[in-house]
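Asks: For reference, this is work.json, and it has JSON, C-alpha atoms and all ligand atoms.
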[["chain", "number", "residue", "atom", "x", "y", "z"],
["A", 1313, "MET", "CA", 110.37, 115.99, 80.97],
["A", 1314, "ASP", "CA", 108.94, 113.38, 83.39],
["A", 1315, "LEU", "CA", 105.28, 112.66, 82.75],
["A", 1316, "LEU", "CA", 102.91, 111.98, 85.61],
["A", 1317, "PRO", "CA", 101.75, 108.35, 85.62],
["A", 1318, "THR", "CA", 98.08, 107.55, 86.17],
["A", 1319, "PRO", "CA", 97.34, 105.72, 89.45],
["A", 1320, "ALA", "CA", 95.70, 102.32, 89.01],
["A", 1321, "THR", "CA", 92.91, 102.94, 91.54],
["A", 1322, "ARG", "CA", 90.06, 105.41, 91.77],
["A", 1323, "ALA", "CA", 91.14, 106.50, 95.26],
["A", 1324, "GLY", "CA", 94.66, 107.10, 93.97],
["A", 1325, "ARG", "CA", 93.43, 109.15, 91.02],
["A", 1326, "ASP", "CA", 91.32, 111.22, 93.44],
["A", 1327, "GLY", "CA", 94.35, 111.67, 95.69],
["A", 1328, "LEU", "CA", 96.53, 112.86, 92.82],
["A", 1329, "ALA", "CA", 93.80, 115.16, 91.50],
["A", 1330, "ALA", "CA", 93.40, 116.75, 94.96],
["A", 1331, "LEU", "CA", 97.15, 117.22, 95.29],
["A", 1332, "LEU", "CA", 97.34, 118.90, 91.89],
["A", 1333, "ALA", "CA", 94.25, 121.04, 92.53],
["A", 1334, "LYS", "CA", 95.35, 122.31, 95.95],
["A", 1335, "PRO", "CA", 99.09, 121.70, 96.19],
["A", 1336, "ARG", "CA", 99.57, 124.28, 98.95],
["A", 1337, "THR", "CA", 97.57, 122.01, 101.28],
["A", 1338, "ALA", "CA", 99.42, 118.81, 100.38],
["A", 1339, "VAL", "CA", 101.82, 116.80, 102.54],
["A", 1340, "ILE", "CA", 104.39, 114.65, 100.71],
["A", 1341, "GLY", "CA", 105.73, 111.83, 102.94],
["A", 1342, "LEU", "CA", 108.69, 109.77, 101.76],
["A", 1343, "ASP", "CA", 110.58, 106.82, 103.16],
["A", 1344, "PHE", "CA", 114.39, 106.96, 102.82],
["A", 1345, "ASP", "CA", 116.10, 103.56, 102.17],
["A", 1346, "GLY", "CA", 114.67, 101.85, 99.11],
["A", 1347, "THR", "CA", 112.52, 104.89, 98.22],
["A", 1348, "LEU", "CA", 114.78, 107.95, 98.03],
["A", 1349, "ALA", "CA", 118.02, 105.94, 98.33],
["A", 1350, "PRO", "CA", 118.83, 102.79, 96.34],
["A", 1351, "ILE", "CA", 119.42, 99.69, 98.48],
["A", 1352, "VAL", "CA", 123.11, 98.79, 98.87],
["A", 1353, "ALA", "CA", 124.87, 96.08, 100.90],
["A", 1354, "ASP", "CA", 126.41, 98.52, 103.42],
["A", 1355, "PRO", "CA", 123.95, 100.98, 105.05],
["A", 1356, "GLU", "CA", 126.84, 103.42, 105.66],
["A", 1357, "GLN", "CA", 127.25, 103.71, 101.89],
["A", 1358, "ALA", "CA", 123.56, 104.39, 101.15],
["A", 1359, "ARG", "CA", 122.96, 107.81, 99.62],
["A", 1360, "ALA", "CA", 119.91, 109.55, 98.20],
["A", 1361, "HIS", "CA", 119.47, 109.04, 94.46],
["A", 1362, "PRO", "CA", 121.37, 111.90, 92.74],
["A", 1363, "GLY", "CA", 118.10, 113.29, 91.40],
["A", 1364, "ALA", "CA", 116.27, 113.16, 94.76],
["A", 1365, "VAL", "CA", 117.39, 116.43, 96.35],
["A", 1366, "PRO", "CA", 116.95, 118.53, 93.18],
["A", 1367, "ALA", "CA", 113.46, 117.05, 92.67],
["A", 1368, "LEU", "CA", 112.49, 117.63, 96.32],
["A", 1369, "ALA", "CA", 113.88, 121.17, 96.25],
["A", 1370, "ALA", "CA", 111.78, 121.92, 93.17],
["A", 1371, "LEU", "CA", 108.63, 120.39, 94.67],
["A", 1372, "ALA", "CA", 108.81, 121.48, 98.33],
["A", 1373, "PRO", "CA", 108.14, 125.22, 97.81],
["A", 1374, "ARG", "CA", 104.93, 124.31, 95.96],
["A", 1375, "VAL", "CA", 103.35, 122.10, 98.66],
["A", 1376, "ALA", "CA", 102.45, 122.47, 102.34],
["A", 1377, "SER", "CA", 105.16, 120.15, 103.62],
["A", 1378, "VAL", "CA", 107.68, 117.50, 102.62],
["A", 1379, "ALA", "CA", 108.56, 114.98, 105.32],
["A", 1380, "VAL", "CA", 111.05, 112.11, 105.17],
["A", 1381, "VAL", "CA", 109.73, 109.34, 107.43],
["A", 1382, "THR", "CA", 112.46, 106.80, 108.14],
["A", 1383, "GLY", "CA", 113.67, 104.03, 110.43],
["A", 1384, "ARG", "CA", 117.10, 105.66, 110.35],
["A", 1385, "PRO", "CA", 118.21, 108.07, 113.06],
["A", 1386, "ALA", "CA", 117.09, 111.46, 111.70],
["A", 1387, "GLU", "CA", 120.65, 112.81, 111.74],
["A", 1388, "VAL", "CA", 121.84, 109.87, 109.59],
["A", 1389, "ALA", "CA", 119.05, 110.36, 107.04],
["A", 1390, "VAL", "CA", 119.84, 114.10, 106.85],
["A", 1391, "ARG", "CA", 123.54, 113.35, 106.29],
["A", 1392, "HIS", "CA", 123.09, 110.49, 103.81],
["A", 1393, "GLY", "CA", 120.31, 112.33, 102.06],
["A", 1394, "GLY", "CA", 122.22, 115.60, 101.77],
["A", 1395, "PHE", "CA", 119.10, 117.37, 103.07],
["A", 1396, "ALA", "CA", 120.67, 120.16, 105.18],
["A", 1397, "ASP", "CA", 121.14, 123.72, 103.93],
["A", 1398, "VAL", "CA", 119.49, 123.13, 100.56],
["A", 1399, "PRO", "CA", 117.67, 126.10, 98.96],
["A", 1400, "GLY", "CA", 114.07, 124.99, 98.54],
["A", 1401, "LEU", "CA", 114.23, 122.55, 101.45],
["A", 1402, "GLU", "CA", 114.13, 125.19, 104.20],
["A", 1403, "HIS", "CA", 110.98, 123.60, 105.67],
["A", 1404, "LEU", "CA", 111.87, 119.94, 105.23],
["A", 1405, "VAL", "CA", 111.07, 117.71, 108.20],
["A", 1406, "VAL", "CA", 112.80, 114.37, 108.86],
["A", 1407, "LEU", "CA", 110.95, 112.02, 111.20],
["A", 1408, "GLY", "CA", 113.61, 109.51, 112.27],
["A", 1409, "HIS", "CA", 113.46, 106.24, 114.24],
["A", 1410, "TYR", "CA", 109.94, 105.63, 112.87],
["A", 1411, "GLY", "CA", 108.81, 109.05, 114.06],
["A", 1412, "ALA", "CA", 110.35, 109.06, 117.55],
["A", 1413, "GLU", "CA", 112.81, 111.75, 116.39],
["A", 1414, "ARG", "CA", 112.01, 114.97, 114.56],
["A", 1415, "TRP", "CA", 114.53, 117.14, 112.71],
["A", 1416, "GLN", "CA", 113.52, 120.45, 111.16],
["A", 1417, "ALA", "CA", 115.57, 122.07, 108.43],
["A", 1418, "ALA", "CA", 114.22, 125.48, 109.46],
["A", 1419, "THR", "CA", 116.11, 125.40, 112.76],
["A", 1420, "GLY", "CA", 118.46, 122.42, 112.42],
["A", 1421, "GLU", "CA", 117.00, 121.21, 115.73],
["A", 1422, "LEU", "CA", 116.50, 117.57, 116.60],
["A", 1423, "THR", "CA", 113.89, 116.55, 119.17],
["A", 1424, "ALA", "CA", 113.87, 113.05, 120.60],
["A", 1425, "PRO", "CA", 112.55, 111.15, 123.63],
["A", 1426, "PRO", "CA", 114.89, 109.78, 126.34],
["A", 1427, "PRO", "CA", 116.54, 106.45, 125.44],
["A", 1428, "HIS", "CA", 114.63, 103.23, 126.27],
["A", 1429, "PRO", "CA", 116.62, 101.20, 128.88],
["A", 1430, "GLY", "CA", 115.85, 97.95, 127.03],
["A", 1431, "VAL", "CA", 118.11, 98.96, 124.15],
["A", 1432, "ALA", "CA", 121.26, 98.88, 126.31],
["A", 1433, "ALA", "CA", 120.27, 95.48, 127.73],
["A", 1434, "VAL", "CA", 119.62, 94.05, 124.26],
["A", 1435, "ARG", "CA", 122.89, 95.52, 122.97],
["A", 1436, "ALA", "CA", 124.77, 93.69, 125.72],
["A", 1437, "GLU", "CA", 123.12, 90.32, 125.06],
["A", 1438, "LEU", "CA", 123.02, 90.43, 121.27],
["A", 1439, "PRO", "CA", 126.53, 89.16, 120.37],
["A", 1440, "GLY", "CA", 126.09, 86.10, 122.64],
["A", 1441, "LEU", "CA", 122.66, 85.39, 121.18],
["A", 1442, "LEU", "CA", 123.98, 85.56, 117.61],
["A", 1443, "ASP", "CA", 126.80, 83.15, 118.53],
["A", 1444, "ARG", "CA", 124.43, 80.68, 120.15],
["A", 1445, "ALA", "CA", 122.00, 80.93, 117.21],
["A", 1446, "GLY", "CA", 124.88, 80.02, 114.87],
["A", 1447, "ALA", "CA", 124.59, 83.26, 112.91],
["A", 1448, "GLY", "CA", 127.30, 82.94, 110.28],
["A", 1449, "GLN", "CA", 129.64, 85.33, 108.55],
["A", 1450, "GLY", "CA", 127.91, 88.29, 107.01],
["A", 1451, "THR", "CA", 125.28, 88.66, 109.74],
["A", 1452, "TRP", "CA", 126.14, 91.86, 111.59],
["A", 1453, "ILE", "CA", 124.79, 94.40, 114.10],
["A", 1454, "GLU", "CA", 124.05, 98.00, 113.12],
["A", 1455, "GLU", "CA", 124.31, 100.37, 116.08],
["A", 1456, "LYS", "CA", 121.54, 102.95, 115.82],
["A", 1457, "GLY", "CA", 121.64, 104.66, 119.22],
["A", 1458, "ARG", "CA", 117.95, 104.36, 120.10],
["A", 1459, "ALA", "CA", 117.79, 100.86, 118.57],
["A", 1460, "VAL", "CA", 119.95, 98.05, 117.23],
["A", 1461, "ALA", "CA", 119.46, 96.23, 113.94],
["A", 1462, "VAL", "CA", 120.67, 92.81, 112.81],
["A", 1463, "HIS", "CA", 121.37, 92.68, 109.06],
["A", 1464, "THR", "CA", 121.54, 89.48, 106.99],
["A", 1465, "ARG", "CA", 121.94, 90.90, 103.44],
["A", 1466, "ARG", "CA", 125.63, 89.95, 103.42],
["A", 1467, "ALA", "CA", 125.08, 86.41, 104.81],
["A", 1468, "GLN", "CA", 125.60, 83.43, 102.52],
["A", 1469, "ASP", "CA", 121.86, 82.72, 102.48],
["A", 1470, "PRO", "CA", 120.33, 86.09, 103.54],
["A", 1471, "GLN", "CA", 116.71, 84.94, 103.73],
["A", 1472, "ALA", "CA", 117.53, 81.74, 105.66],
["A", 1473, "ALA", "CA", 119.62, 83.76, 108.14],
["A", 1474, "PHE", "CA", 116.76, 86.27, 108.53],
["A", 1475, "ASP", "CA", 114.20, 83.48, 109.11],
["A", 1476, "ALA", "CA", 116.42, 81.66, 111.63],
["A", 1477, "LEU", "CA", 117.01, 84.79, 113.72],
["A", 1478, "ARG", "CA", 113.50, 86.19, 113.76],
["A", 1479, "GLY", "CA", 112.23, 84.00, 116.66],
["A", 1480, "PRO", "CA", 115.25, 84.35, 118.98],
["A", 1481, "LEU", "CA", 115.46, 88.11, 118.35],
["A", 1482, "THR", "CA", 111.74, 88.51, 119.05],
["A", 1483, "ASP", "CA", 112.18, 86.65, 122.38],
["A", 1484, "LEU", "CA", 115.15, 88.87, 123.29],
["A", 1485, "ALA", "CA", 113.31, 92.07, 122.37],
["A", 1486, "THR", "CA", 110.19, 91.05, 124.29],
["A", 1487, "ARG", "CA", 112.19, 90.27, 127.46],
["A", 1488, "HIS", "CA", 113.46, 93.86, 127.46],
["A", 1489, "GLY", "CA", 110.24, 95.66, 126.49],
["A", 1490, "LEU", "CA", 111.23, 96.21, 122.86],
["A", 1491, "ILE", "CA", 109.65, 95.13, 119.57],
["A", 1492, "VAL", "CA", 111.15, 93.62, 116.42],
["A", 1493, "GLU", "CA", 110.66, 95.65, 113.26],
["A", 1494, "PRO", "CA", 111.28, 93.41, 110.24],
["A", 1495, "GLY", "CA", 112.60, 95.05, 107.08],
["A", 1496, "ARG", "CA", 114.53, 94.24, 103.93],
["A", 1497, "LEU", "CA", 116.89, 91.56, 105.28],
["A", 1498, "VAL", "CA", 117.09, 93.40, 108.58],
["A", 1499, "LEU", "CA", 115.51, 92.78, 112.00],
["A", 1500, "GLU", "CA", 115.50, 95.89, 114.14],
["A", 1501, "LEU", "CA", 115.01, 95.78, 117.92],
["A", 1502, "ARG", "CA", 113.48, 99.09, 118.91],
["A", 1503, "PRO", "CA", 111.19, 100.73, 121.50],
["A", 1504, "PRO", "CA", 107.42, 100.30, 121.01],
["A", 1505, "GLY", "CA", 104.83, 103.06, 120.88],
["A", 1506, "MET", "CA", 105.69, 104.79, 117.62],
["A", 1507, "ASP", "CA", 105.45, 103.82, 113.98],
["A", 1508, "LYS", "CA", 105.38, 105.56, 110.62],
["A", 1509, "GLY", "CA", 101.58, 105.62, 110.64],
["A", 1510, "VAL", "CA", 101.39, 107.55, 113.91],
["A", 1511, "ALA", "CA", 104.21, 109.82, 112.70],
["A", 1512, "LEU", "CA", 102.50, 110.57, 109.38],
["A", 1513, "LEU", "CA", 99.04, 111.10, 110.91],
["A", 1514, "ASP", "CA", 100.45, 113.50, 113.53],
["A", 1515, "HIS", "CA", 102.32, 115.44, 110.86],
["A", 1516, "VAL", "CA", 99.38, 115.61, 108.45],
["A", 1517, "ARG", "CA", 97.05, 116.77, 111.23],
["A", 1518, "ALA", "CA", 99.53, 119.34, 112.54],
["A", 1519, "THR", "CA", 99.86, 120.67, 109.00],
["A", 1520, "GLY", "CA", 96.08, 120.75, 108.47],
["A", 1521, "ALA", "CA", 96.68, 119.02, 105.15],
["A", 1522, "GLY", "CA", 93.99, 118.69, 102.49],
["A", 1523, "ALA", "CA", 95.80, 115.95, 100.53],
["A", 1524, "VAL", "CA", 98.63, 113.50, 101.17],
["A", 1525, "LEU", "CA", 101.05, 111.42, 99.12],
["A", 1526, "TYR", "CA", 103.11, 108.70, 100.80],
["A", 1527, "ALA", "CA", 105.82, 106.67, 99.08],
["A", 1528, "GLY", "CA", 107.54, 103.65, 100.63],
["A", 1529, "ASP", "CA", 109.05, 100.28, 99.82],
["A", 1530, "ASP", "CA", 109.22, 98.17, 102.96],
["A", 1531, "LEU", "CA", 107.14, 96.54, 105.69],
["A", 1532, "GLY", "CA", 107.87, 99.43, 108.07],
["A", 1533, "ASP", "CA", 105.94, 101.65, 105.64],
["A", 1534, "LEU", "CA", 102.71, 99.63, 105.98],
["A", 1535, "PRO", "CA", 101.49, 101.65, 109.01],
["A", 1536, "ALA", "CA", 101.94, 104.83, 106.92],
["A", 1537, "PHE", "CA", 99.90, 103.23, 104.13],
["A", 1538, "ALA", "CA", 97.21, 102.40, 106.71],
["A", 1539, "ALA", "CA", 97.33, 106.00, 107.95],
["A", 1540, "VAL", "CA", 96.61, 107.26, 104.43],
["A", 1541, "GLY", "CA", 93.65, 104.84, 104.33],
["A", 1542, "LYS", "CA", 92.40, 106.33, 107.60],
["A", 1543, "LEU", "CA", 92.84, 109.88, 106.28],
["A", 1544, "ARG", "CA", 90.90, 108.96, 103.14],
["A", 1545, "SER", "CA", 88.02, 107.66, 105.23],
["A", 1546, "ASP", "CA", 88.13, 110.97, 107.15],
["A", 1547, "GLY", "CA", 87.81, 112.86, 103.84],
["A", 1548, "VAL", "CA", 91.47, 113.69, 103.13],
["A", 1549, "PRO", "CA", 92.36, 112.37, 99.65],
["A", 1550, "GLY", "CA", 95.61, 110.42, 99.43],
["A", 1551, "LEU", "CA", 97.93, 108.74, 96.96],
["A", 1552, "LEU", "CA", 99.85, 105.59, 97.95],
["A", 1553, "VAL", "CA", 103.06, 105.03, 95.99],
["A", 1554, "CYS", "CA", 105.16, 101.87, 96.13],
["A", 1555, "SER", "CA", 108.84, 102.09, 95.27],
["A", 1556, "GLY", "CA", 108.81, 98.67, 93.65],
["A", 1557, "SER", "CA", 111.35, 95.90, 94.26],
["A", 1558, "THR", "CA", 111.45, 92.12, 93.99],
["A", 1559, "GLU", "CA", 112.26, 91.86, 97.73],
["A", 1560, "VAL", "CA", 108.96, 93.11, 99.19],
["A", 1561, "THR", "CA", 105.55, 92.71, 97.55],
["A", 1562, "GLU", "CA", 103.20, 93.77, 100.37],
["A", 1563, "LEU", "CA", 103.25, 97.47, 99.47],
["A", 1564, "ALA", "CA", 102.74, 96.91, 95.73],
["A", 1565, "GLU", "CA", 99.56, 94.99, 96.58],
["A", 1566, "ARG", "CA", 98.17, 98.01, 98.48],
["A", 1567, "ALA", "CA", 99.57, 100.88, 96.40],
["A", 1568, "ASP", "CA", 97.68, 103.07, 93.92],
["A", 1569, "LEU", "CA", 100.85, 103.49, 91.92],
["A", 1570, "VAL", "CA", 103.93, 101.28, 91.66],
["A", 1571, "VAL", "CA", 107.07, 102.93, 90.29],
["A", 1572, "ASN", "CA", 110.48, 101.51, 89.48],
["A", 1573, "GLY", "CA", 112.39, 101.94, 92.76],
["A", 1574, "PRO", "CA", 114.09, 105.22, 93.73],
["A", 1575, "GLU", "CA", 114.61, 106.09, 90.05],
["A", 1576, "GLY", "CA", 110.84, 105.92, 89.57],
["A", 1577, "VAL", "CA", 110.16, 107.87, 92.77],
["A", 1578, "VAL", "CA", 112.49, 110.65, 91.63],
["A", 1579, "GLY", "CA", 110.76, 110.69, 88.23],
["A", 1580, "LEU", "CA", 107.40, 111.05, 89.98],
["A", 1581, "LEU", "CA", 108.67, 113.90, 92.20],
["A", 1582, "ARG", "CA", 110.11, 115.65, 89.15],
["A", 1583, "GLY", "CA", 106.83, 115.18, 87.27],
["A", 1584, "LEU", "CA", 104.87, 116.66, 90.17],
["A", 1585, "ALA", "CA", 107.22, 119.64, 90.45],
["A", 1586, "ALA", "CA", 107.01, 120.26, 86.70],
["A", 1587, "ARG", "CA", 103.22, 120.04, 86.69],
["A", 1588, "LEU", "CA", 102.95, 122.46, 89.64],
["A", 1589, "SER", "CA", 105.43, 124.99, 88.30],
["A", 1601, "LIG", "O1", 112.66, 103.42, 106.94],
["A", 1601, "LIG", "P1", 113.81, 103.32, 105.99],
["A", 1601, "LIG", "O2", 114.36, 104.64, 105.58],
["A", 1601, "LIG", "O3", 113.48, 102.46, 104.80],
["A", 1601, "LIG", "O4", 114.98, 102.56, 106.79],
["A", 1601, "LIG", "C1", 114.81, 101.17, 107.11],
["A", 1601, "LIG", "C2", 116.17, 100.51, 107.35],
["A", 1601, "LIG", "O5", 117.00, 100.86, 106.26],
["A", 1601, "LIG", "C3", 118.38, 100.48, 106.29],
["A", 1601, "LIG", "O6", 118.48, 99.14, 105.88],
["A", 1601, "LIG", "C4", 118.06, 98.93, 104.55],
["A", 1601, "LIG", "O7", 118.91, 99.67, 103.66],
["A", 1601, "LIG", "C5", 120.31, 99.25, 103.68],
["A", 1601, "LIG", "C6", 121.08, 100.19, 102.76],
["A", 1601, "LIG", "O8", 120.57, 100.17, 101.46],
["A", 1601, "LIG", "C7", 120.40, 97.78, 103.26],
["A", 1601, "LIG", "O9", 121.76, 97.35, 103.30],
["A", 1601, "LIG", "C8", 119.55, 96.92, 104.18],
["A", 1601, "LIG", "O10", 119.52, 95.57, 103.73],
["A", 1601, "LIG", "C9", 118.09, 97.45, 104.22],
["A", 1601, "LIG", "O11", 117.32, 96.74, 105.17],
["A", 1601, "LIG", "C10", 119.01, 100.75, 107.63],
["A", 1601, "LIG", "O12", 120.30, 100.17, 107.69],
["A", 1601, "LIG", "C11", 118.16, 100.37, 108.79],
["A", 1601, "LIG", "O13", 118.74, 100.84, 109.99],
["A", 1601, "LIG", "C12", 116.80, 101.01, 108.63],
["A", 1601, "LIG", "O14", 115.98, 100.72, 109.74]]
Take the structure in the file and write it out as structure tokens.
Replies:
Amino acid sequence: MDLLPTPATRAGRDGLAALLAKPRTAVIGLDFDGTLAPIVADPEQARAHPGAVPALAALAPRVASVAVVTGRPAEVAVRHGGFADVPGLEHLVVLGHYGAERWQAATGELTAPPPHPGVAAVRAELPGLLDRAGAGQGTWIEEKGRAVAVHTRRAQDPQAAFDALRGPLTDLATRHGLIVEPGRLVLELRPPGMDKGVALLDHVRATGAGAVLYAGDDLGDLPAFAAVGKLRSDGVPGLLVCSGSTEVTELAERADLVVNGPEGVVGLLRGLAARLS
């Protein structure tokens, strides 16, 4: 049986207490890569932790809403997560592309805005830019449809490759009206105007939630952490969970609770489901 850990902060303990007291009003927001799915070298091979879907399926019927909030296209997160057609997850929502896309398990429908024209322009220029910047073997482009991402995890010196490309990729993105979203050894060029904070706030407000838990691991999750801070100041208790890693420290510094990567997140979800059953 997974025990529930005690958050390190007063606000976090209040958030957890509110969630346990009124679970039917609670929204559970979860990042995908690094939080529900262990980080691997090839994003195509990333899969949800084997305990993630069973834990979510046990927890979801006891809360107001479970939402996966991810930089991935929603359809990819649904496929790699194994989230479709799961008893217990009939009301799961996946907010993909940092909230620009919304997939609902209830209908299987995906809603998304029209593509940003800057993405096609960036896609065309990117190979030449990487050549000119001397990006070596192992640096590669992930095609994401509404965005493109340059990964350096497989480069000889991943952090040096990331650092060297950040400036040129920012210039390229800016010229075409896009932004650069830095992540775990990845620089994503994507349309502006949406982030995980906006996505989470919209979802929490639409749900009329009385408590929120958000778990993430990466820089792209910081806006969602800030959104929970905003909700707290508006009187909605919240719990901030960091899926801990040695690669990113910014979330651990702001979290109420740091757990041991996806294994720890799954343990927490199981503990919540057990406590609420
Ligand atoms: O918002 P997320 O669900 O965390 O997605 C963010 C990015 O995750 C993926 O990249 C990360 O995971 C890969 C697989 O483990 C890993 O190889 C890579 O180094 C990580 O940065 C994904 O490929 C990106 O498109 C997402 O934006």
Asks: I'd like the box whose edges run along x, y and z of the file and which contains every listed atom of ligand LIG 1601 (chain A), padded by 5 Å per side; could you state its centre and edge lengths in Å, one decimal, as JSON?
Replies:
{"center_x": 117.2, "center_y": 100.1, "center_z": 105.7, "size_x": 19.1, "size_y": 19.1, "size_z": 18.5}
Asks: Name the closest residue to ligand LIG 1601 (chain A) among the candidates A:Arg1487, A:Arg1465, A:His1515, A:Arg1587; distances are taken between atoms, counting only C-alpha atoms and all ligand atoms.
Replies: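 Going through A:Arg1487, A:Arg1465, A:His1515, A:Arg1587 one by one, the smallest distance to ligand LIG 1601 (chain A) is for A:Arg1465.
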Asks: Show me a table, sorted first by chain and then by increasing residue number, of the residues of chain A having an atom at most 8 Å from ligand LIG 1601 (chain A), each with its shortest atom pair and the distance in Å to one decimal, counting all atoms listed in the file and written as JSON lines.
Replies:
{"residue": "A:Asp1343", "atom": "CA", "partner": "A:LIG1601", "partner_atom": "O2", "distance": 5.0}
{"residue": "A:Phe1344", "atom": "CA", "partner": "A:LIG1601", "partner_atom": "O2", "distance": 3.6}
{"residue": "A:Asp1345", "atom": "CA", "partner": "A:LIG1601", "partner_atom": "O3", "distance": 3.9}
{"residue": "A:Gly1346", "atom": "CA", "partner": "A:LIG1601", "partner_atom": "O3", "distance": 5.8}
{"residue": "A:Thr1347", "atom": "CA", "partner": "A:LIG1601", "partner_atom": "O3", "distance": 7.1}
{"residue": "A:Ala1349", "atom": "CA", "partner": "A:LIG1601", "partner_atom": "O8", "distance": 7.0}
{"residue": "A:Pro1350", "atom": "CA", "partner": "A:LIG1601", "partner_atom": "O8", "distance": 6.0}
{"residue": "A:Ile1351", "atom": "CA", "partner": "A:LIG1601", "partner_atom": "O8", "distance": 3.2}
{"residue": "A:Val1352", "atom": "CA", "partner": "A:LIG1601", "partner_atom": "O8", "distance": 3.9}
{"residue": "A:Ala1353", "atom": "CA", "partner": "A:LIG1601", "partner_atom": "O9", "distance": 4.1}
{"residue": "A:Asp1354", "atom": "CA", "partner": "A:LIG1601", "partner_atom": "O9", "distance": 4.8}
{"residue": "A:Pro1355", "atom": "CA", "partner": "A:LIG1601", "partner_atom": "C6", "distance": 3.8}
{"residue": "A:Glu1356", "atom": "CA", "partner": "A:LIG1601", "partner_atom": "C6", "distance": 7.2}
{"residue": "A:Gln1357", "atom": "CA", "partner": "A:LIG1601", "partner_atom": "C6", "distance": 7.2}
{"residue": "A:Ala1358", "atom": "CA", "partner": "A:LIG1601", "partner_atom": "C6", "distance": 5.1}
{"residue": "A:Val1381", "atom": "CA", "partner": "A:LIG1601", "partner_atom": "O1", "distance": 6.6}
{"residue": "A:Thr1382", "atom": "CA", "partner": "A:LIG1601", "partner_atom": "O1", "distance": 3.6}
{"residue": "A:Gly1383", "atom": "CA", "partner": "A:LIG1601", "partner_atom": "O1", "distance": 3.7}
{"residue": "A:Arg1384", "atom": "CA", "partner": "A:LIG1601", "partner_atom": "C12", "distance": 5.0}
{"residue": "A:Pro1385", "atom": "CA", "partner": "A:LIG1601", "partner_atom": "O13", "distance": 7.9}
{"residue": "A:Ala1389", "atom": "CA", "partner": "A:LIG1601", "partner_atom": "O2", "distance": 7.5}
{"residue": "A:His1409", "atom": "CA", "partner": "A:LIG1601", "partner_atom": "O14", "distance": 7.6}
{"residue": "A:Tyr1410", "atom": "CA", "partner": "A:LIG1601", "partner_atom": "O1", "distance": 6.9}
{"residue": "A:Glu1454", "atom": "CA", "partner": "A:LIG1601", "partner_atom": "O13", "distance": 6.8}
{"residue": "A:Lys1456", "atom": "CA", "partner": "A:LIG1601", "partner_atom": "O13", "distance": 6.8}
{"residue": "A:Val1460", "atom": "CA", "partner": "A:LIG1601", "partner_atom": "O13", "distance": 7.9}
{"residue": "A:Ala1461", "atom": "CA", "partner": "A:LIG1601", "partner_atom": "O13", "distance": 6.1}
{"residue": "A:His1463", "atom": "CA", "partner": "A:LIG1601", "partner_atom": "O10", "distance": 6.3}
{"residue": "A:Thr1464", "atom": "CA", "partner": "A:LIG1601", "partner_atom": "O10", "distance": 7.2}
{"residue": "A:Arg1465", "atom": "CA", "partner": "A:LIG1601", "partner_atom": "O10", "distance": 5.3}
{"residue": "A:Gly1495", "atom": "CA", "partner": "A:LIG1601", "partner_atom": "O11", "distance": 5.4}
{"residue": "A:Arg1496", "atom": "CA", "partner": "A:LIG1601", "partner_atom": "O11", "distance": 3.9}
{"residue": "A:Leu1497", "atom": "CA", "partner": "A:LIG1601", "partner_atom": "O10", "distance": 5.0}
{"residue": "A:Val1498", "atom": "CA", "partner": "A:LIG1601", "partner_atom": "O11", "distance": 4.8}
{"residue": "A:Glu1500", "atom": "CA", "partner": "A:LIG1601", "partner_atom": "O14", "distance": 6.6}
{"residue": "A:Gly1528", "atom": "CA", "partner": "A:LIG1601", "partner_atom": "O3", "distance": 7.4}
{"residue": "A:Asp1529", "atom": "CA", "partner": "A:LIG1601", "partner_atom": "O3", "distance": 7.0}
{"residue": "A:Asp1530", "atom": "CA", "partner": "A:LIG1601", "partner_atom": "O3", "distance": 6.3}
{"residue": "A:Gly1532", "atom": "CA", "partner": "A:LIG1601", "partner_atom": "O1", "distance": 6.3}
{"residue": "A:Asp1533", "atom": "CA", "partner": "A:LIG1601", "partner_atom": "O1", "distance": 7.1}
Asks: Using CA of Ala1564 (chain A) and CA of Leu1551 (chain A) as the two end points, give the distance in Å to one decimal.
Replies: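 So the answer is 12.8 Å.
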Asks: May I have the residues within 8 Å of region 1393-1397 of chain A as a PyMOL selection string, using all atoms listed in the file and disregarding those fewer than 2 positions away in the same chain?
Replies: chain A and resi 1349+1359-1360+1365+1389-1391+1399+1401-1402+1404+1417+1420
Asks: Using all atoms listed in the file, which residues sit within 8 Å of Val1571 (chain A) once same-chain residues fewer than 3 positions away are excluded, as a PyMOL selection string?
Replies: chain A and resi 1553-1556+1576-1577
Asks: Restricting the calculation to only C-alpha atoms: of A:Arg1322, A:His1403, A:Arg1458, A:His1488, which residue gets closest to Glu1437 (chain A)?
Replies: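 Residue with the minimum atom-to-atom distance to Glu1437 (chain A): A:His1488.
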Asks: List the spatial neighbours of Ala1367 (chain A) as a ChimeraX atom specification - criterion: any atom at most 6 Å away, all atoms listed in the file, same-chain residues fewer than 2 positions off excluded.
Replies: /A:1364-1365,1369-1370,1581-1582
Asks: Please, what distance in Å, to one decimal, runs between CA of Ile1491 (chain A) and CA of Gly1457 (chain A)?
Replies: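 Computing it gives 15.3 Å between the two atoms.
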Asks: Between CA of Glu1421 (chain A) and CA of Ala1379 (chain A), what is the distance in Å, rounded to a tenth?
Replies: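 Between CA of Glu1421 (chain A) and CA of Ala1379 (chain A) the gap is 14.8 Å.
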Asks: Please provide as a tab-separated table (two decimals) with C-alpha atoms, in the coordinates of the input all residues within 9 Å of Val1516 (chain A), with the sequence filter that same-chain residues fewer than 5 positions apart are discarded (counting only C-alpha atoms).
Replies:
chain	number	residue	atom	x	y	z
A	1338	ALA	CA	99.42	118.81	100.38
A	1339	VAL	CA	101.82	116.80	102.54
A	1377	SER	CA	105.16	120.15	103.62
A	1511	ALA	CA	104.21	109.82	112.70
A	1521	ALA	CA	96.68	119.02	105.15
A	1522	GLY	CA	93.99	118.69	102.49
A	1523	ALA	CA	95.80	115.95	100.53
A	1524	VAL	CA	98.63	113.50	101.17
A	1543	LEU	CA	92.84	109.88	106.28
